[in-house]
Amino acid sequence: MTESVRMGRPDLEAIRHHASRGYPEEVCGVLVGRDEDGRGRAITRVVPIDNSRVDERARRYIIPPESLRQAERSAAAAGLDVIGFYHSHPDHPAEPSVYDREHAWPWYTYVIVPVMAGDSGEPRAWRLLGDRAGFQELRIESADSE
Amino acid sequence: MIDSRDNENANGATMNVTIRIPAALKQYADNDREVTVGAATVGEALDRLVDRHPSLGPHLFDEKGRLRNFVNTWVNEDDSRELGGPAAPLHDGDTITIVPSIAGGLPADPEERSSPRRGAPGGSSTADPSFAAQLGRRAAAVDLDASEIRRYSRHLIMPEVGMDGQRRLKAAKVLCVGAGGLGSPLGLYLAAAGVGTIGIVDFDVVDETNLQRQVMHGTKDVGRPKIESARDRLLDINPTIDVVGHETPLTSANALEILEPYDVVIDGTDNFPTRYLVNDACVLLGKPNVYGSIFRFEGQLSVFWARQGPCYRCLFREPPPPGLVPSCAEGGVLGVLPGIVGTLQALEAIKLIIGKGDAMIGRLLLFDALSMKFRELKLRRNPDCPVCGANPTIRGLIDYEEFCGVPQAHAAELAEQSSVPEITATNLKHRLDRRDPLVLIDVRETHEWDICNLGSKGARLIPLGEVPAHMNELSSADEIVLYCRSGARSAKALRQLQDAGFRRLLNLKGGILAWSEEVDPSIPRY
């Protein structure tokens with residue numbers, strides 16, 4: 001059975017908008033929400049983060065540890081956790097690259113937004129497998145409001 | 001819980017520290033968010049952590065046991081990189097926080113577009129995945145014929161190179177900036193190794209003083225453009241390769257265009273403006289820059305690749321003031337030295353291309369030929385680096401001559417020289433022939449005097465540094481002519497004498513080189 005992650009339509013639209021606005025560069029951000037210990041996850045807030053890469057911004061993103069610590073602090077203040085990240089794939093499908101896999105952390109939900117010629121497509125969600133050999137796709141359950 | 005074994009360190013340096021586990025990893029640590037271990041350093045603490053929870057290992061360390069580059073650690077409130085990295089010392093009660101940095105991006109090319117379950121590509125530690133994949137794709141399109149297989153057989157029988165590595169070499173495009181001391185050995189070895197396209201940027205002409213170390217050029221080539229001489233030599237070694245000549249000075253106007261088609265750039269330059277130009281252009285283009293430099297008996301080597309590590313500016317944010325670091329022409333260089341450093345550069349370029357071994361990224365090698373010692377320094381990315389840092393101020397190529405203070409220094413030197421009273425070599429000869437009572441002082445060093453001198457004209461040697469000590473041996477009543485190799489040092493000596501009250505002073509314009517040119521060609525030029 002495919003695991004799922006819940007994400008509100010407005011948040012999905014927000015990251016799609018962020019992705020097309022940033023085209024042709026990659027954009028990235030943090031997904032904040034709750035993890036009910038494997039029983040399902042809900043993303044309740046998306047936080048755009050400046051891509052800290054200075055080179056190759058069209059195909060690489062980085063969220064440095066300082067930015068992540070800050071995001072974690074503000075999530076914790078709201079009783080939430082950073083449970084994943086999103087980034088865009090300009091002119092590429094929403095599948096994780098080898099580079100994504102090599103740099104991925106377990107547990108987190110990775111949402112990828114495809115942007116074809118400036119138009120963003122439907123995001124897909126992934127999670128790194130325990131042996132780091134690949135990703136498992138997660139079903140995104142969207143509701144009109146969360 | 002504390003593992004008691006951790007605390008029995010004979011030297012007593014082991015400290016009890018708490019490691020905070022990020023949410024993402026707690027499933028591999030029995031769902032604990034904090035683990036207490038005994039360790040003296042950050043590296044040791046992480047080792048203890050993985051001893052305790054082995055399934056954390058693959059997420060923190062790569063196959064070679066090195067901390068993954070997206071795993072960061074803080075000791076209390078300090079980034080451990082600022083405290084000495086894995087060697088950062090710990091104190092009782094410290095808290096280590098593991099903080100991820102999150103990175104990712106696009107597949108480099110359609111082939112590499114991973115299916116979710118795709119396994120890891122052949123493990124290599126130096127390879128940037130996109131760099132390796134791009135070269136790999138081009139390598140798949142080239143073939144080696146029977147004579148090439150024979151030519152490269154000593155490569156092919158090593159599994160680390162093999163057909164795949166040799167095809168990568170053939171598909172690779174490497175640019176050598178400079179066809180001089182460093183460019184010579186590295187060009188020869190890259191050609192011999194079968195690098196398919198070797199670009200060379202140089203606009204110099206071979207001269208006799210080059211032959212002591214620039215082994216790509218021969219005596220018959222004196223007077224020829226280095227590009228032509230290099231092309232002949234490289235194609236003689238390996239006619240299967242392409243040699244692309246860029247017979248032009250590398251400038252801000254052409255650097256990006258010239259560098260763009262190449263996979264690897266090798267910096268064999270001998271001056272700061274070009275070195276900063278090559279660095280910045282490589283950062284802007286995302287290309288690896290195999291850096292080497294030489295001076296007298298010392299050499300340096302590193303691979304600057306902003307995609308993976310520091311760049312030259314992270315190490316040297318600004319150039320030294322002009323004149324402080326002499327060039328090889330001024331300071332000399334032992335001829336073998338560029339041979340050593342240049343071949344090391346060729347080696348690093350080949351490792352990057354075949355994706356094997358540990359590249360010199362983030363490391364600086366210092367070689368001292370006299371003591372025959374190699375030392376290595378760790379280099380760190382400077383987050384405030386003006387070109388590869390988080391908020392770069394240099395987003396395009398700048399005026400590097402200006403940046404390095406070259407025009408200013410040149411103007412100052414000209415002003416210094418022209419503001420002292422001068423005599424030309426021809427006039428000096430007339431006056432000496434006329435038996436004018438001139439006192440001729442040579443302010444060069446003893447070893448330069450041994451090369452050539454005007455002793456037959458009555459010159460006396462007082463090296464520049466010893467002028468103050470010997471002033472009392474000179475008479476301000478005499479008319480004194482000072483000379484050095486080209487006129488700069490004697491101008492300095494002249495000023496010192498002026499300051500001491502001497503008035504009848506002349507500087508030989510152009511130094512002994514001008515004397516050789518205008519008066520006596522039997523005086524060797526050096």
# chains A, B, ... in the order shown; residues from 1 in each chain; ligands from 1
$ select_by_dssp --residues "chain A" --states "alpha helix (DSSP H)" --output "compact mmCIF listing (two decimals) with C-alpha atoms, in the first residue's frame"
# COMPACT_ATOMS: atom_id res chain seq x y z
CA ARG A 9 -4.28 22.56 -2.10
CA PRO A 10 -3.26 26.14 -1.20
CA ASP A 11 0.17 24.90 -0.09
CA LEU A 12 0.55 22.86 -3.27
CA GLU A 13 -0.38 25.92 -5.30
CA ALA A 14 2.06 28.02 -3.30
CA ILE A 15 5.03 25.81 -4.10
CA ARG A 16 3.97 25.55 -7.76
CA HIS A 17 3.80 29.32 -7.91
CA HIS A 18 7.20 29.63 -6.22
CA ALA A 19 8.65 27.15 -8.73
CA SER A 20 7.35 28.92 -11.82
CA ARG A 21 8.33 32.32 -10.47
CA GLY A 22 11.88 31.11 -9.92
CA PRO A 65 22.35 24.07 8.07
CA GLU A 66 21.91 27.56 9.50
CA SER A 67 18.70 28.08 7.50
CA LEU A 68 17.44 24.68 8.54
CA ARG A 69 18.14 25.31 12.22
CA GLN A 70 16.21 28.54 11.98
CA ALA A 71 13.29 26.83 10.25
CA GLU A 72 13.31 24.12 12.90
CA ARG A 73 13.21 26.69 15.67
CA SER A 74 10.24 28.53 14.24
CA ALA A 75 8.43 25.26 13.52
CA ALA A 76 9.04 24.12 17.09
CA ALA A 77 7.67 27.41 18.38
CA VAL A 98 20.93 10.63 -8.62
CA TYR A 99 22.20 13.85 -7.09
CA ASP A 100 19.00 14.13 -5.09
CA ARG A 101 19.44 10.60 -3.85
CA GLU A 102 23.09 11.02 -2.94
$ interface_residues --of "chain A" --to "chain B" --cutoff "8 Å" --atoms "only C-alpha atoms" --output "ChimeraX atom specification"
/A:26,52-56,59-65,68-69,87-90,92,95-101,103-108,133-137
$ closest_residue --among "B:Gln408, B:Phe297, B:Leu190, B:Gln496" --to "B:Ser371" --atoms "only C-alpha atoms"
B:Phe297
$ select_by_dssp --residues "stretch 113-248 of chain B" --states "strand (DSSP E or B)" --output "list in words"
Lys173, Val174, Leu175, Cys176, Val177, Thr197, Ile198, Gly199, Ile200, Val201, Val205, Pro225, Asp242, Val243, Val244, Gly245 and His246 of chain B
$ write_last_selection --atoms "N, CA and C atoms" --output "mmCIF file, in the first residue's frame"
data_model
loop_
_atom_site.group_PDB
_atom_site.id
_atom_site.type_symbol
_atom_site.label_atom_id
_atom_site.label_comp_id
_atom_site.auth_asym_id
_atom_site.auth_seq_id
_atom_site.Cartn_x
_atom_site.Cartn_y
_atom_site.Cartn_z
ATOM 1 N N LYS B 173 38.130 17.239 -22.695
ATOM 2 C CA LYS B 173 38.739 18.468 -23.225
ATOM 3 C C LYS B 173 39.375 19.215 -22.068
ATOM 4 N N VAL B 174 40.670 19.391 -22.163
ATOM 5 C CA VAL B 174 41.411 20.025 -21.080
ATOM 6 C C VAL B 174 42.083 21.286 -21.613
ATOM 7 N N LEU B 175 41.945 22.357 -20.869
ATOM 8 C CA LEU B 175 42.575 23.614 -21.285
ATOM 9 C C LEU B 175 43.769 23.922 -20.388
ATOM 10 N N CYS B 176 44.943 24.099 -21.013
ATOM 11 C CA CYS B 176 46.127 24.515 -20.263
ATOM 12 C C CYS B 176 46.290 26.017 -20.467
ATOM 13 N N VAL B 177 46.231 26.756 -19.382
ATOM 14 C CA VAL B 177 46.460 28.195 -19.492
ATOM 15 C C VAL B 177 47.950 28.419 -19.293
ATOM 16 N N THR B 197 41.309 16.246 -26.439
ATOM 17 C CA THR B 197 41.427 17.639 -26.874
ATOM 18 C C THR B 197 42.211 18.422 -25.829
ATOM 19 N N ILE B 198 43.319 18.963 -26.258
ATOM 20 C CA ILE B 198 44.124 19.787 -25.366
ATOM 21 C C ILE B 198 44.132 21.202 -25.927
ATOM 22 N N GLY B 199 43.560 22.123 -25.176
ATOM 23 C CA GLY B 199 43.611 23.522 -25.572
ATOM 24 C C GLY B 199 44.780 24.199 -24.872
ATOM 25 N N ILE B 200 45.397 25.128 -25.547
ATOM 26 C CA ILE B 200 46.514 25.851 -24.937
ATOM 27 C C ILE B 200 46.298 27.344 -25.163
ATOM 28 N N VAL B 201 46.346 28.094 -24.083
ATOM 29 C CA VAL B 201 46.284 29.554 -24.217
ATOM 30 C C VAL B 201 47.682 30.097 -23.971
ATOM 31 N N VAL B 205 56.451 33.919 -27.225
ATOM 32 C CA VAL B 205 57.374 33.340 -28.195
ATOM 33 C C VAL B 205 58.472 32.640 -27.399
ATOM 34 N N PRO B 225 56.318 31.073 -32.036
ATOM 35 C CA PRO B 225 55.248 31.155 -31.039
ATOM 36 C C PRO B 225 55.168 29.830 -30.260
ATOM 37 N N ASP B 242 43.627 16.159 -30.590
ATOM 38 C CA ASP B 242 43.463 17.497 -31.164
ATOM 39 C C ASP B 242 44.140 18.501 -30.243
ATOM 40 N N VAL B 243 44.947 19.363 -30.833
ATOM 41 C CA VAL B 243 45.536 20.446 -30.049
ATOM 42 C C VAL B 243 44.922 21.745 -30.561
ATOM 43 N N VAL B 244 44.266 22.456 -29.653
ATOM 44 C CA VAL B 244 43.595 23.694 -30.043
ATOM 45 C C VAL B 244 44.385 24.866 -29.474
ATOM 46 N N GLY B 245 44.884 25.709 -30.347
ATOM 47 C CA GLY B 245 45.676 26.847 -29.889
ATOM 48 C C GLY B 245 44.816 28.089 -29.713
ATOM 49 N N HIS B 246 44.990 28.757 -28.603
ATOM 50 C CA HIS B 246 44.344 30.063 -28.401
ATOM 51 C C HIS B 246 45.482 31.064 -28.252
#
$ closest_residue --among "B:Cys311, B:Ser80, B:Ile96, B:Pro463" --to "B:Gly38" --atoms "only C-alpha atoms"
B:Ile96
$ atom_distance --atom1 "atom CA of B:Thr36" --atom2 "atom CA of B:His53"
12.0 Å
$ residues_around --residues "A:Asp50" --least-positions-apart "6" --cutoff "8 Å" --atoms "only C-alpha atoms" --output "list in words"
Val27, Cys28, Gly29 and Ile63 of chain A
$ write_last_selection --atoms "N, CA and C atoms" --output "short mmCIF file (atom, residue, chain, number, x, y, z; two decimals), in the first residue's frame"
data_model
loop_
_atom_site.label_atom_id
_atom_site.label_comp_id
_atom_site.auth_asym_id
_atom_site.auth_seq_id
_atom_site.Cartn_x
_atom_site.Cartn_y
_atom_site.Cartn_z
N VAL A 27 14.14 26.41 -7.25
CA VAL A 27 13.75 27.02 -5.97
C VAL A 27 13.64 25.90 -4.95
N CYS A 28 13.64 26.28 -3.69
CA CYS A 28 13.54 25.26 -2.65
C CYS A 28 12.84 25.84 -1.43
N GLY A 29 12.46 24.96 -0.54
CA GLY A 29 11.80 25.41 0.66
C GLY A 29 11.60 24.26 1.64
N ILE A 63 20.03 24.10 0.98
CA ILE A 63 19.51 24.79 2.17
C ILE A 63 20.56 24.58 3.25
#
$ residues_around --residues "stretch 153-163 of chain B" --least-positions-apart "4" --cutoff "7 Å" --atoms "only C-alpha atoms" --output "list in words"
Ile149, Arg167, Ile354 and Lys356 of chain B
$ write_last_selection --atoms "N, CA and C atoms" --output "PDB file, in the first residue's frame"
ATOM      1  N   ILE B 149      44.470   1.028 -28.822  1.00  0.00           N
ATOM      2  CA  ILE B 149      44.448   0.036 -27.745  1.00  0.00           C
ATOM      3  C   ILE B 149      45.877  -0.400 -27.422  1.00  0.00           C
ATOM      4  N   ARG B 167      38.441   5.846 -22.673  1.00  0.00           N
ATOM      5  CA  ARG B 167      37.463   6.546 -23.519  1.00  0.00           C
ATOM      6  C   ARG B 167      37.144   7.916 -22.931  1.00  0.00           C
ATOM      7  N   ILE B 354      38.928  10.489 -15.122  1.00  0.00           N
ATOM      8  CA  ILE B 354      38.528   9.076 -15.009  1.00  0.00           C
ATOM      9  C   ILE B 354      37.721   8.835 -13.736  1.00  0.00           C
ATOM     10  N   LYS B 356      38.636   8.732 -10.526  1.00  0.00           N
ATOM     11  CA  LYS B 356      39.217   7.807  -9.560  1.00  0.00           C
ATOM     12  C   LYS B 356      40.094   8.552  -8.549  1.00  0.00           C
TER      13      LYS B 356
END
$ closest_residue --among "B:Leu464, B:Ala39, B:Val278, B:Leu454" --to "B:Leu250" --atoms "only C-alpha atoms"
B:Val278
$ residues_around --residues "A:Asp91" --least-positions-apart "3" --cutoff "10 Å" --atoms "only C-alpha atoms" --output "MDAnalysis selection string"
(chainID A and resid 23:24 58:59 88 94 114:120) or (chainID B and resid 106)
$ write_last_selection --atoms "N, CA and C atoms" --output "mmCIF file, in the first residue's frame"
data_model
loop_
_atom_site.group_PDB
_atom_site.id
_atom_site.type_symbol
_atom_site.label_atom_id
_atom_site.label_comp_id
_atom_site.auth_asym_id
_atom_site.auth_seq_id
_atom_site.Cartn_x
_atom_site.Cartn_y
_atom_site.Cartn_z
ATOM 1 N N TYR A 23 11.677 30.016 -12.085
ATOM 2 C CA TYR A 23 12.181 29.458 -13.328
ATOM 3 C C TYR A 23 13.028 30.482 -14.068
ATOM 4 N N PRO A 24 14.169 30.176 -14.688
ATOM 5 C CA PRO A 24 14.696 28.819 -14.921
ATOM 6 C C PRO A 24 15.594 28.307 -13.781
ATOM 7 N N ALA A 58 20.431 26.796 -11.859
ATOM 8 C CA ALA A 58 19.397 26.235 -12.715
ATOM 9 C C ALA A 58 19.239 24.743 -12.461
ATOM 10 N N ARG A 59 20.194 24.129 -11.771
ATOM 11 C CA ARG A 59 20.016 22.692 -11.536
ATOM 12 C C ARG A 59 20.506 22.207 -10.179
ATOM 13 N N SER A 88 12.328 22.540 -7.044
ATOM 14 C CA SER A 88 11.786 22.452 -8.394
ATOM 15 C C SER A 88 12.780 21.778 -9.320
ATOM 16 N N ALA A 94 9.282 15.337 -12.297
ATOM 17 C CA ALA A 94 9.311 15.434 -10.836
ATOM 18 C C ALA A 94 9.869 14.169 -10.192
ATOM 19 N N PRO A 114 7.827 19.887 -10.956
ATOM 20 C CA PRO A 114 8.385 20.051 -12.308
ATOM 21 C C PRO A 114 7.971 21.404 -12.880
ATOM 22 N N VAL A 115 8.882 22.025 -13.604
ATOM 23 C CA VAL A 115 8.521 23.280 -14.283
ATOM 24 C C VAL A 115 8.949 23.149 -15.733
ATOM 25 N N MET A 116 7.978 23.081 -16.625
ATOM 26 C CA MET A 116 8.304 22.927 -18.039
ATOM 27 C C MET A 116 8.110 24.271 -18.737
ATOM 28 N N ALA A 117 9.212 24.801 -19.247
ATOM 29 C CA ALA A 117 9.169 26.090 -19.947
ATOM 30 C C ALA A 117 8.440 27.160 -19.136
ATOM 31 N N GLY A 118 8.639 27.111 -17.832
ATOM 32 C CA GLY A 118 8.079 28.165 -16.989
ATOM 33 C C GLY A 118 6.743 27.804 -16.345
ATOM 34 N N ASP A 119 6.106 26.728 -16.858
ATOM 35 C CA ASP A 119 4.818 26.327 -16.269
ATOM 36 C C ASP A 119 5.032 25.163 -15.306
ATOM 37 N N SER A 120 4.596 25.346 -14.079
ATOM 38 C CA SER A 120 4.808 24.282 -13.105
ATOM 39 C C SER A 120 3.756 23.198 -13.268
ATOM 40 N N LEU B 106 18.846 18.682 -10.351
ATOM 41 C CA LEU B 106 18.412 17.978 -11.532
ATOM 42 C C LEU B 106 19.363 16.887 -11.920
#
$ residues_around --residues "B:Val50" --least-positions-apart "2" --cutoff "12 Å" --atoms "only C-alpha atoms" --output "ChimeraX atom specification"
/B:19,21,25,28-29,35,37,43-48,52-61,65,67
